[in-house]
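Asks: See coords-v7.txt below, with compact mmCIF, C-alpha atoms.
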# COMPACT_ATOMS: atom_id res chain seq x y z
CA MET A 289 -12.67 -34.23 8.20
CA ARG A 290 -10.66 -31.06 8.59
CA ILE A 291 -7.80 -29.41 6.77
CA GLU A 292 -4.50 -28.61 8.49
CA LEU A 293 -1.41 -26.74 7.34
CA VAL A 294 1.78 -28.52 8.39
CA LYS A 295 5.05 -26.58 8.20
CA ARG A 296 7.50 -28.16 5.78
CA PRO A 297 10.87 -29.10 7.37
CA GLN A 298 12.63 -27.70 4.29
CA GLN A 299 11.42 -25.16 1.75
CA SER A 300 12.42 -25.23 -1.89
CA ALA A 301 14.77 -22.33 -2.62
CA LEU A 302 13.85 -22.53 -6.32
CA PHE A 303 10.10 -22.28 -5.74
CA SER A 304 10.60 -19.53 -3.15
CA ALA A 305 12.39 -17.46 -5.78
CA LEU A 306 9.83 -18.28 -8.48
CA SER A 307 6.79 -17.74 -6.25
CA PRO A 308 5.98 -14.15 -7.42
CA PHE A 309 6.27 -15.20 -11.07
CA ILE A 310 4.06 -18.26 -10.51
CA ALA A 311 1.53 -15.99 -8.79
CA LEU A 312 1.54 -13.58 -11.73
CA GLY A 313 1.10 -16.47 -14.16
CA LEU A 314 -1.87 -17.81 -12.20
CA THR A 315 -3.31 -14.29 -12.07
CA LEU A 316 -3.14 -14.06 -15.86
CA ILE A 317 -4.95 -17.39 -16.20
CA ALA A 318 -7.64 -16.44 -13.66
CA GLY A 319 -7.95 -13.01 -15.25
CA ALA A 320 -8.46 -14.54 -18.68
CA ILE A 321 -11.24 -16.72 -17.27
CA MET A 322 -12.84 -13.70 -15.57
CA PHE A 323 -12.79 -11.63 -18.77
CA SER A 324 -14.27 -14.56 -20.72
CA LEU A 325 -17.14 -14.80 -18.25
CA LEU A 326 -17.72 -11.06 -18.69
CA GLY A 327 -18.00 -11.54 -22.44
CA LYS A 328 -14.68 -9.85 -23.23
CA ASN A 329 -11.85 -11.15 -25.37
CA PRO A 330 -9.25 -12.37 -22.82
CA ALA A 331 -6.28 -11.78 -25.12
CA GLU A 332 -7.44 -8.24 -25.90
CA ALA A 333 -8.12 -7.45 -22.24
CA LEU A 334 -4.71 -8.69 -21.06
CA TYR A 335 -3.07 -6.80 -23.93
CA TYR A 336 -4.57 -3.52 -22.73
CA TYR A 337 -3.59 -4.35 -19.14
CA PHE A 338 0.06 -5.22 -19.61
CA ILE A 339 1.26 -4.57 -23.17
CA ASP A 340 -0.43 -1.40 -24.33
CA PRO A 341 0.91 0.80 -21.48
CA LEU A 342 4.44 -0.46 -22.18
CA THR A 343 4.39 0.25 -25.91
CA GLY A 344 4.58 4.00 -25.41
CA LEU A 345 6.95 4.19 -22.45
CA TRP A 346 10.05 4.84 -24.54
CA ASP A 347 8.34 6.53 -27.45
CA GLU A 348 9.35 10.20 -27.73
CA ASN A 349 5.74 11.12 -28.51
CA ASN A 350 4.32 9.16 -25.56
CA ARG A 351 6.96 9.78 -22.91
CA TRP A 352 4.18 11.02 -20.62
CA GLN A 353 3.32 7.36 -19.92
CA LEU A 354 6.65 6.91 -18.16
CA HIS A 355 5.79 9.87 -15.96
CA GLU A 356 2.32 8.50 -15.27
CA LEU A 357 3.90 5.20 -14.24
CA ALA A 358 6.13 7.06 -11.76
CA VAL A 359 3.16 9.06 -10.41
CA LYS A 360 1.17 5.87 -9.79
CA ALA A 361 4.13 3.93 -8.37
CA ALA A 362 5.33 6.58 -5.90
CA PRO A 363 2.57 6.23 -3.25
CA LEU A 364 2.46 2.45 -3.68
CA ILE A 365 6.19 2.10 -3.01
CA LEU A 366 6.24 4.58 -0.12
CA ILE A 367 3.34 2.92 1.69
CA ALA A 368 4.51 -0.63 0.96
CA VAL A 369 8.00 0.05 2.32
CA GLY A 370 6.47 1.15 5.62
CA LEU A 371 4.14 -1.84 5.65
CA SER A 372 7.08 -4.19 5.11
CA VAL A 373 8.58 -3.01 8.42
CA CYS A 374 5.24 -3.63 10.14
CA PHE A 375 4.66 -7.05 8.63
CA LEU A 376 8.23 -8.24 9.26
CA SER A 377 7.78 -7.34 12.93
CA ASN A 378 4.49 -9.29 13.03
CA ASN A 379 2.36 -6.14 13.33
CA TRP A 380 -0.48 -6.10 10.84
CA ASN A 381 -1.18 -2.54 9.81
CA ILE A 382 -4.15 -2.72 7.42
CA GLY A 383 -5.03 0.96 7.85
CA ALA A 384 -2.41 2.64 5.67
CA GLU A 385 -5.20 4.12 3.55
CA GLY A 386 -6.40 6.09 6.57
CA GLN A 387 -2.87 7.17 7.49
CA PHE A 388 -2.41 8.28 3.86
CA THR A 389 -5.57 10.40 4.15
CA ILE A 390 -4.69 11.96 7.52
CA GLY A 391 -1.18 12.74 6.28
CA ALA A 392 -2.71 14.57 3.32
CA ILE A 393 -5.08 16.50 5.60
CA VAL A 394 -2.50 17.54 8.20
CA GLY A 395 0.03 18.42 5.52
CA SER A 396 -2.55 20.63 3.79
CA ILE A 397 -3.24 22.83 6.82
CA LEU A 398 -0.79 25.55 5.75
CA PRO A 399 -1.93 26.11 2.13
CA VAL A 400 -5.63 25.77 3.02
CA MET A 401 -5.88 27.72 6.27
CA TYR A 402 -2.97 30.13 5.75
CA PRO A 403 -2.92 30.79 2.00
CA ASP A 404 -1.14 34.12 2.48
CA LEU A 405 1.87 32.35 3.98
CA GLN A 406 3.93 31.98 0.82
CA SER A 407 7.57 31.09 1.29
CA TRP A 408 10.01 28.36 0.35
CA ILE A 409 9.66 26.92 3.86
CA VAL A 410 5.98 26.03 3.30
CA LEU A 411 6.58 22.86 1.27
CA PRO A 412 9.15 21.29 3.66
CA LEU A 413 6.79 22.04 6.54
CA MET A 414 3.90 20.44 4.66
CA LEU A 415 5.91 17.25 4.06
CA LEU A 416 7.01 17.14 7.71
CA MET A 417 3.46 17.75 8.95
CA GLY A 418 2.14 15.05 6.63
CA MET A 419 4.57 12.52 8.08
CA ILE A 420 3.70 13.58 11.64
CA GLY A 421 -0.02 13.27 10.89
CA GLY A 422 0.32 9.79 9.42
CA ALA A 423 2.56 8.63 12.28
CA ALA A 424 0.19 10.04 14.92
CA TYR A 425 -2.79 8.33 13.34
CA ALA A 426 -0.90 5.03 13.14
CA SER A 427 0.04 5.32 16.82
CA VAL A 428 -3.64 4.87 17.78
CA PRO A 429 -3.87 1.16 16.85
CA ALA A 430 -0.28 0.77 18.12
CA TYR A 431 -1.26 2.09 21.56
CA LEU A 432 -4.41 -0.05 21.65
CA LYS A 433 -2.40 -3.17 20.86
CA ALA A 434 0.47 -2.43 23.25
CA ARG A 435 -1.78 -1.32 26.13
CA PHE A 436 -4.89 -3.51 25.74
CA ASN A 437 -3.72 -6.25 23.34
CA THR A 438 -6.39 -5.14 20.87
CA ASN A 439 -6.39 -6.72 17.41
CA GLU A 440 -4.54 -4.17 15.27
CA ILE A 441 -6.08 -5.49 12.05
CA LEU A 442 -9.55 -4.40 13.13
CA THR A 443 -8.59 -1.10 14.75
CA SER A 444 -6.35 0.09 11.91
CA LEU A 445 -8.93 -0.93 9.31
CA MET A 446 -11.83 0.81 11.07
CA LEU A 447 -9.81 4.00 11.37
CA VAL A 448 -9.63 4.13 7.56
CA TYR A 449 -13.33 4.96 7.37
CA VAL A 450 -13.01 7.57 10.12
CA ALA A 451 -10.27 9.32 8.13
CA GLN A 452 -12.22 9.19 4.87
CA LEU A 453 -15.38 10.58 6.46
CA PHE A 454 -13.36 13.30 8.17
CA LEU A 455 -11.85 14.32 4.82
CA ASP A 456 -15.30 14.35 3.22
CA TRP A 457 -16.64 16.58 6.01
CA LEU A 458 -13.71 19.00 5.72
CA VAL A 459 -13.95 19.57 1.96
CA ARG A 460 -17.74 19.93 2.08
CA GLY A 461 -17.69 22.13 5.18
CA PRO A 462 -15.04 24.28 6.87
CA TRP A 463 -12.34 23.85 4.20
CA ARG A 464 -14.56 24.18 1.13
CA ASN A 465 -13.21 26.64 -1.42
CA PRO A 466 -15.23 29.86 -1.11
CA GLY A 467 -14.68 30.53 -4.80
CA GLY A 468 -15.16 26.96 -5.95
CA MET A 469 -18.77 27.17 -7.22
CA ASN A 470 -19.93 25.04 -4.26
CA PHE A 471 -17.92 22.00 -5.38
CA PRO A 472 -16.61 19.80 -2.50
CA GLU A 473 -12.94 20.74 -2.71
CA THR A 474 -10.46 23.07 -1.04
CA ARG A 475 -8.79 26.07 -2.62
CA ASN A 476 -5.99 25.25 -5.05
CA PHE A 477 -2.54 25.16 -3.49
CA HIS A 478 -0.31 28.13 -4.28
CA GLU A 479 3.01 27.71 -6.06
CA TYR A 480 5.03 27.38 -2.85
CA ALA A 481 2.85 24.44 -1.77
CA ILE A 482 3.23 22.41 -4.97
CA LEU A 483 5.70 19.51 -5.05
CA PRO A 484 7.85 20.25 -8.11
CA GLU A 485 8.18 17.96 -11.09
CA VAL A 486 11.39 16.01 -11.58
CA TRP A 487 11.59 16.69 -15.33
CA SER A 488 9.22 19.60 -15.82
CA SER A 489 9.84 19.79 -19.55
CA SER A 490 8.68 16.26 -20.39
CA GLY A 491 5.96 15.20 -17.92
CA ARG A 492 4.38 15.54 -14.50
CA ALA A 493 6.34 12.96 -12.47
CA HIS A 494 7.06 14.73 -9.18
CA TRP A 495 9.58 14.29 -6.38
CA GLY A 496 7.33 11.82 -4.59
CA PHE A 497 8.89 9.08 -6.71
CA VAL A 498 12.36 10.17 -5.55
CA PHE A 499 11.13 10.06 -1.94
CA ALA A 500 9.91 6.50 -2.58
CA LEU A 501 13.29 5.35 -3.89
CA VAL A 502 15.14 7.00 -0.98
CA ALA A 503 12.74 5.41 1.53
CA ALA A 504 13.23 1.97 -0.04
CA VAL A 505 17.03 2.20 0.14
CA ALA A 506 16.93 3.56 3.71
CA ALA A 507 14.56 0.80 4.86
CA TRP A 508 16.68 -1.87 3.17
CA PHE A 509 19.79 -0.55 4.93
CA MET A 510 17.99 -0.40 8.28
CA LEU A 511 16.61 -3.94 7.98
CA SER A 512 19.80 -5.56 6.72
CA ARG A 513 22.61 -3.57 8.32
CA THR A 514 21.46 -2.27 11.71
CA LEU A 515 20.59 -3.64 15.13
CA ARG A 516 17.08 -2.18 14.83
CA GLY A 517 16.53 -4.20 11.66
CA PHE A 518 17.73 -7.34 13.42
CA GLU A 519 15.31 -6.57 16.25
CA VAL A 520 12.44 -6.20 13.76
CA LYS A 521 13.12 -9.61 12.25
CA VAL A 522 13.73 -11.43 15.54
CA LEU A 523 10.54 -10.17 17.18
CA GLY A 524 8.62 -10.91 13.99
CA GLN A 525 9.83 -14.48 13.68
CA SER A 526 10.09 -15.43 17.36
CA PRO A 527 8.77 -13.04 20.02
CA ARG A 528 9.97 -15.41 22.75
CA ALA A 529 13.54 -15.32 21.43
CA GLY A 530 13.27 -11.53 21.22
CA ARG A 531 12.29 -11.33 24.88
CA PHE A 532 15.31 -13.46 25.85
CA ALA A 533 17.48 -11.04 23.85
CA GLY A 534 16.06 -8.11 25.81
CA PHE A 535 13.99 -6.64 22.98
CA SER A 536 10.72 -4.91 23.90
CA ALA A 537 7.71 -6.12 21.95
CA SER A 538 5.59 -3.11 22.94
CA LYS A 539 8.25 -0.64 21.80
CA MET A 540 8.50 -2.51 18.52
CA VAL A 541 4.74 -2.14 18.00
CA PHE A 542 5.08 1.64 18.24
CA PHE A 543 8.24 1.75 16.12
CA ALA A 544 6.74 -0.30 13.30
CA PHE A 545 3.42 1.55 13.22
CA ILE A 546 5.04 5.00 13.44
CA VAL A 547 7.46 4.24 10.59
CA SER A 548 4.63 2.82 8.50
CA GLY A 549 2.29 5.71 9.29
CA ALA A 550 4.95 8.35 8.60
CA LEU A 551 5.68 6.94 5.15
CA ALA A 552 1.95 6.62 4.39
CA GLY A 553 1.48 10.23 5.50
CA LEU A 554 4.37 11.34 3.29
CA ALA A 555 2.73 9.50 0.39
CA GLY A 556 -0.54 11.27 1.12
CA ILE A 557 0.81 14.83 1.18
CA SER A 558 3.06 14.08 -1.82
CA GLU A 559 0.05 12.88 -3.81
CA VAL A 560 -2.04 15.90 -2.86
CA SER A 561 0.67 18.52 -3.38
CA GLY A 562 2.26 16.82 -6.40
CA ALA A 563 -0.45 15.17 -8.48
CA ILE A 564 -3.73 16.82 -7.38
CA GLY A 565 -2.98 20.30 -6.07
CA GLN A 566 -5.91 20.45 -3.62
CA LEU A 567 -7.96 18.28 -1.27
CA ARG A 568 -11.03 16.49 -2.62
CA PRO A 569 -13.45 13.94 -1.15
CA THR A 570 -11.46 11.20 -2.87
CA ILE A 571 -7.70 11.55 -3.11
CA SER A 572 -6.75 7.88 -3.47
CA PRO A 573 -7.96 5.03 -5.70
CA GLY A 574 -7.07 2.65 -2.86
CA TYR A 575 -3.29 3.04 -2.69
CA GLY A 576 -3.21 2.04 0.98
CA PHE A 577 -4.85 -1.32 0.29
CA ALA A 578 -3.05 -1.95 -3.00
CA ALA A 579 0.25 -1.37 -1.20
CA ILE A 580 -0.40 -4.56 0.78
CA ILE A 581 -0.23 -6.42 -2.54
CA VAL A 582 2.98 -4.55 -3.41
CA ALA A 583 4.58 -5.42 -0.06
CA PHE A 584 3.95 -9.15 -0.42
CA LEU A 585 4.69 -9.20 -4.15
CA GLY A 586 8.07 -7.68 -3.26
CA ARG A 587 8.53 -10.40 -0.60
CA LEU A 588 8.70 -7.71 2.13
CA ASN A 589 12.08 -6.64 0.75
CA PRO A 590 12.22 -2.84 0.26
CA LEU A 591 14.25 -3.17 -2.95
CA GLY A 592 11.89 -5.82 -4.30
CA ILE A 593 9.01 -3.53 -3.41
CA VAL A 594 10.28 -0.95 -5.91
CA ALA A 595 9.90 -3.46 -8.75
CA ALA A 596 6.56 -4.69 -7.40
CA GLY A 597 5.29 -1.10 -7.13
CA LEU A 598 6.13 -0.46 -10.77
CA ILE A 599 4.32 -3.66 -11.78
CA LEU A 600 1.16 -2.77 -9.89
CA ALA A 601 1.35 0.82 -11.14
CA LEU A 602 1.40 -0.66 -14.62
CA SER A 603 -1.82 -2.51 -13.78
CA TYR A 604 -3.40 0.84 -12.82
CA LEU A 605 -2.47 2.30 -16.21
CA GLY A 606 -3.61 -0.88 -17.92
CA GLY A 607 -6.85 -0.84 -15.94
CA GLU A 608 -7.58 2.69 -17.11
CA ALA A 609 -6.82 1.68 -20.69
CA ALA A 610 -9.07 -1.40 -20.37
CA GLN A 611 -11.94 0.69 -19.00
CA ILE A 612 -11.74 2.99 -22.02
CA SER A 613 -10.99 0.42 -24.72
CA ILE A 614 -13.11 -2.61 -23.82
CA GLY A 615 -15.61 -1.05 -21.41
CA VAL A 616 -14.92 -2.86 -18.13
CA SER A 617 -15.70 -1.20 -14.80
CA ASP A 618 -13.22 -0.08 -12.16
CA LYS A 619 -14.48 -2.90 -9.93
CA VAL A 620 -13.08 -5.40 -12.43
CA VAL A 621 -9.73 -3.62 -12.15
CA ARG A 622 -9.80 -3.98 -8.35
CA ALA A 623 -10.81 -7.63 -8.60
CA PHE A 624 -7.88 -8.25 -10.90
CA GLN A 625 -5.49 -6.64 -8.39
CA GLY A 626 -7.06 -8.70 -5.61
CA MET A 627 -6.26 -11.86 -7.56
CA ILE A 628 -2.59 -10.92 -7.49
CA LEU A 629 -2.58 -10.74 -3.68
CA PHE A 630 -4.56 -13.99 -3.37
CA PHE A 631 -2.17 -15.97 -5.57
CA VAL A 632 0.95 -14.44 -3.98
CA LEU A 633 -0.23 -15.44 -0.50
CA ALA A 634 -1.41 -18.85 -1.74
CA CYS A 635 1.92 -19.64 -3.42
CA ASP A 636 3.94 -18.54 -0.39
CA THR A 637 1.70 -20.57 1.93
CA LEU A 638 2.02 -23.76 -0.12
CA ILE A 639 5.79 -23.32 -0.37
CA HIS A 640 6.16 -23.14 3.42
CA TYR A 641 3.32 -25.49 4.39
CA ARG A 642 1.74 -28.64 3.05
CA VAL A 643 -1.97 -29.36 3.19
CA ARG A 644 -3.05 -32.35 5.28
CA PHE A 645 -6.56 -33.76 5.48
CA VAL A 646 -7.31 -35.08 8.95
CA GLY A 647 -10.29 -37.34 9.50
CA THR A 648 -12.39 -37.19 12.67
CA PRO A 649 -11.42 -40.11 15.00
CA ALA A 650 -14.05 -42.85 15.21
CA VAL A 651 -14.17 -42.72 19.02
CA LYS A 652 -14.94 -38.99 19.06
CA THR A 653 -17.54 -39.46 16.37
CA ALA A 654 -19.30 -42.17 18.41
CA GLU A 655 -19.20 -40.01 21.57
CA ALA A 656 -20.59 -37.06 19.67
CA SER A 657 -23.48 -39.15 18.30
CA GLN A 658 -24.29 -40.47 21.81
CA ASN A 659 -24.33 -36.94 23.23
CA VAL A 660 -26.77 -35.91 20.55
Please express the file's structure as structure tokens.

Replies:
Amino acid sequence: MRIELVKRPQQSALFSALSPFIALGLTLIAGAIMFSLLGKNPAEALYYYFIDPLTGLWDENNRWQLHELAVKAAPLILIAVGLSVCFLSNNWNIGAEGQFTIGAIVGSILPVMYPDLQSWIVLPLMLLMGMIGGAAYASVPAYLKARFNTNEILTSLMLVYVAQLFLDWLVRGPWRNPGGMNFPETRNFHEYAILPEVWSSSGRAHWGFVFALVAAVAAWFMLSRTLRGFEVKVLGQSPRAGRFAGFSASKMVFFAFIVSGALAGLAGISEVSGAIGQLRPTISPGYGFAAIIVAFLGRLNPLGIVAAGLILALSYLGGEAAQISIGVSDKVVRAFQGMILFFVLACDTLIHYRVRFVGTPAVKTAEASQNV
């Protein structure tokens, strides 16, 4: 007996709209079970995850939490918007974490290698270089797929570890801060290389969040109002129909990966220059992978991704609160986020397909036993 997925002739519009909420509900149930197995109070754990971070958002004395939410959401939204273009075009970029890292490295060349170059032009150049670095790194799996039909999932994912090891080598070797007491980090960025805060008087939310909102609106406009957006959707849903329309699948591979890589690179240099202020061996808690959850939770709609990014950013804040308050590890936080992706994909799959159990035909079974 085997299991087959059969496409439904008609999908329920109601369940399609409710799918993200059903997925979140199932995640809460599964999370409660997980916390119970870990010996934690499920109600208390879920409170610290989702309620406690919200209680101080609008409190004058705790307004910093709103800024922390924006800081966490900015890279998630930026990366997820780029991934939505890739996924809609049927190109599976799983290496945004590596493109995030390379964007941060390339964008940091000026303040690290040329610290005496201090001018207003430094920061715009850093942002531009970060985008170019991310796009160039994303073009590697794009070229391999377009030229050799290589599986982009594997190539983009493997390049993540190359980027992370390269960053580790840089901060421990040639870029290590000569006055940093031998710690694996670069020199601190000077004032012209720091991404400014949006509301400097009340918190540390920087302009990366504004970039994320602008990118989401621009991507939404491109996908819904331009010929290029129509091309993305046609080639993603039916490559054969796209070929009849004269659209180039290989050019779309490059376009999707370059857009995705550029936004991931922008997220990387924005995080380094806005929230961290230097390069370290670890500059991301896994934003590139978590953004995949954000993209699907937002239903690959750039505007929906903004809301999804804020929700997942809230889970980061809640995860930090849970680690401190009830003593769970960061691995539990990542498992909880993984549940969200699992249930989102499961709900979407069951809405569009029905499960059918197919038994092995008796004739084939008899032939197989004779051959044995």

Asks: When you look at range 550-556 of chain A with a cut-off of 7 Å (counting all atoms listed in the file), what residues show up, excluding the ones that are within fewer than 4 positions of it in the same chain? I need them as number ranges by chain.

Replies: A: 363, 366-367, 370, 384, 387-392, 415, 418-423, 546, 560

Asks: Pick from A:Leu600, A:Ala424, A:Leu342, A:Leu585: nearest to Asp636 in chain A, with all atoms listed in the file counted?

Replies: A:Leu585

Asks: Taking all atoms listed in the file into account, name the residue in A:Ser396, A:Leu442, A:Glu485, A:Val646 that is nearest to Glu292 in chain A.

Replies: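 Ranked by minimum distance to Glu292 in chain A, first place goes to A:Val646.
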
Asks: What's around Ala609 in chain A at 8 Å? Count all atoms listed in the file, leave out sequence neighbours fewer than 2 positions away in its own chain, and write the answer as a list of chain:residue names.

Replies: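 The neighbour list is A:Tyr336, A:Tyr337, A:Asp340, A:Pro341, A:Leu605, A:Gly606, A:Gly607, A:Gln611, A:Ile612, A:Ser613.
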
Asks: Rank A:Leu432, A:Val632, A:Ile441, A:Trp380 by their smallest atom-to-atom distance to Leu314 in chain A, using all atoms listed in the file, and report the top residue only.

Replies: A:Val632

Asks: Would you mind listing what lies within 12 Å of Arg568 in chain A as a list in words, with only C-alpha atoms counted and same-chain residues fewer than 4 positions away left out?

Replies: Thr389, Ala392, Ile393, Ser396, Gln452, Leu453, Phe454, Leu455, Asp456, Trp457, Leu458, Val459, Arg460, Gly461, Trp463, Arg464, Asn465, Gly468, Phe471, Pro472, Glu473, Thr474, Arg475, Asn476, Glu559, Val560, Ser561, Ile564 and Ser572 of chain A

Asks: Rounded to one decimal in Å, what is the spacing between CA of Pro573 in chain A and CA of Ala368 in chain A?

Replies: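 So the two atoms, CA of Pro573 in chain A and CA of Ala368 in chain A, lie 15.2 Å apart.
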
Asks: Using all atoms listed in the file, pick whichever of A:Met322, A:Leu316, A:Val450, A:Ala362 has the shortest atom-to-atom distance to Leu334 in chain A.

Replies: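 Of A:Met322, A:Leu316, A:Val450, A:Ala362, the one nearest Leu334 in chain A is A:Leu316, counting all atoms listed in the file.
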
Asks: Neighbours of Leu591 in chain A within 12 Å (all atoms listed in the file; same-chain residues fewer than 6 positions away dropped), as an MDAnalysis selection string?

Replies: chainID A and resid 365:366 368:369 372 500:509 511:512 582:583 585 597:598

Asks: Might you pull out every residue within 10 Å of range 353-361 of chain A, with only C-alpha atoms counted and same-chain residues fewer than 2 positions away left off, and present them as number ranges by chain?

Replies: A: 341-347, 349-351, 363-366, 485-487, 490-498, 500, 558-559, 562-563, 575, 579, 582, 594-605

Asks: Any idea what the distance is between CA of Leu629 in chain A and CA of Phe584 in chain A?

Replies: 7.5 Å

Asks: Could you tell me how far CA of Glu519 in chain A sits from CA of Phe535 in chain A, in Å to one decimal place?

Replies: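 Rounded to one decimal, the two atoms are 6.9 Å apart.
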
Asks: Between A:Ala623, A:Leu523, A:Gly395, A:Lys433, which residue has the minimum interatomic distance to Pro412 in chain A, considering only C-alpha atoms?

Replies: A:Gly395

Asks: Taking all atoms listed in the file into account, name the residue in A:Ile409, A:Ile397, A:Ala434, A:Ile321 that is nearest to Val541 in chain A.

Replies: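 Closest to Val541 in chain A, using all atoms listed in the file: A:Ala434.
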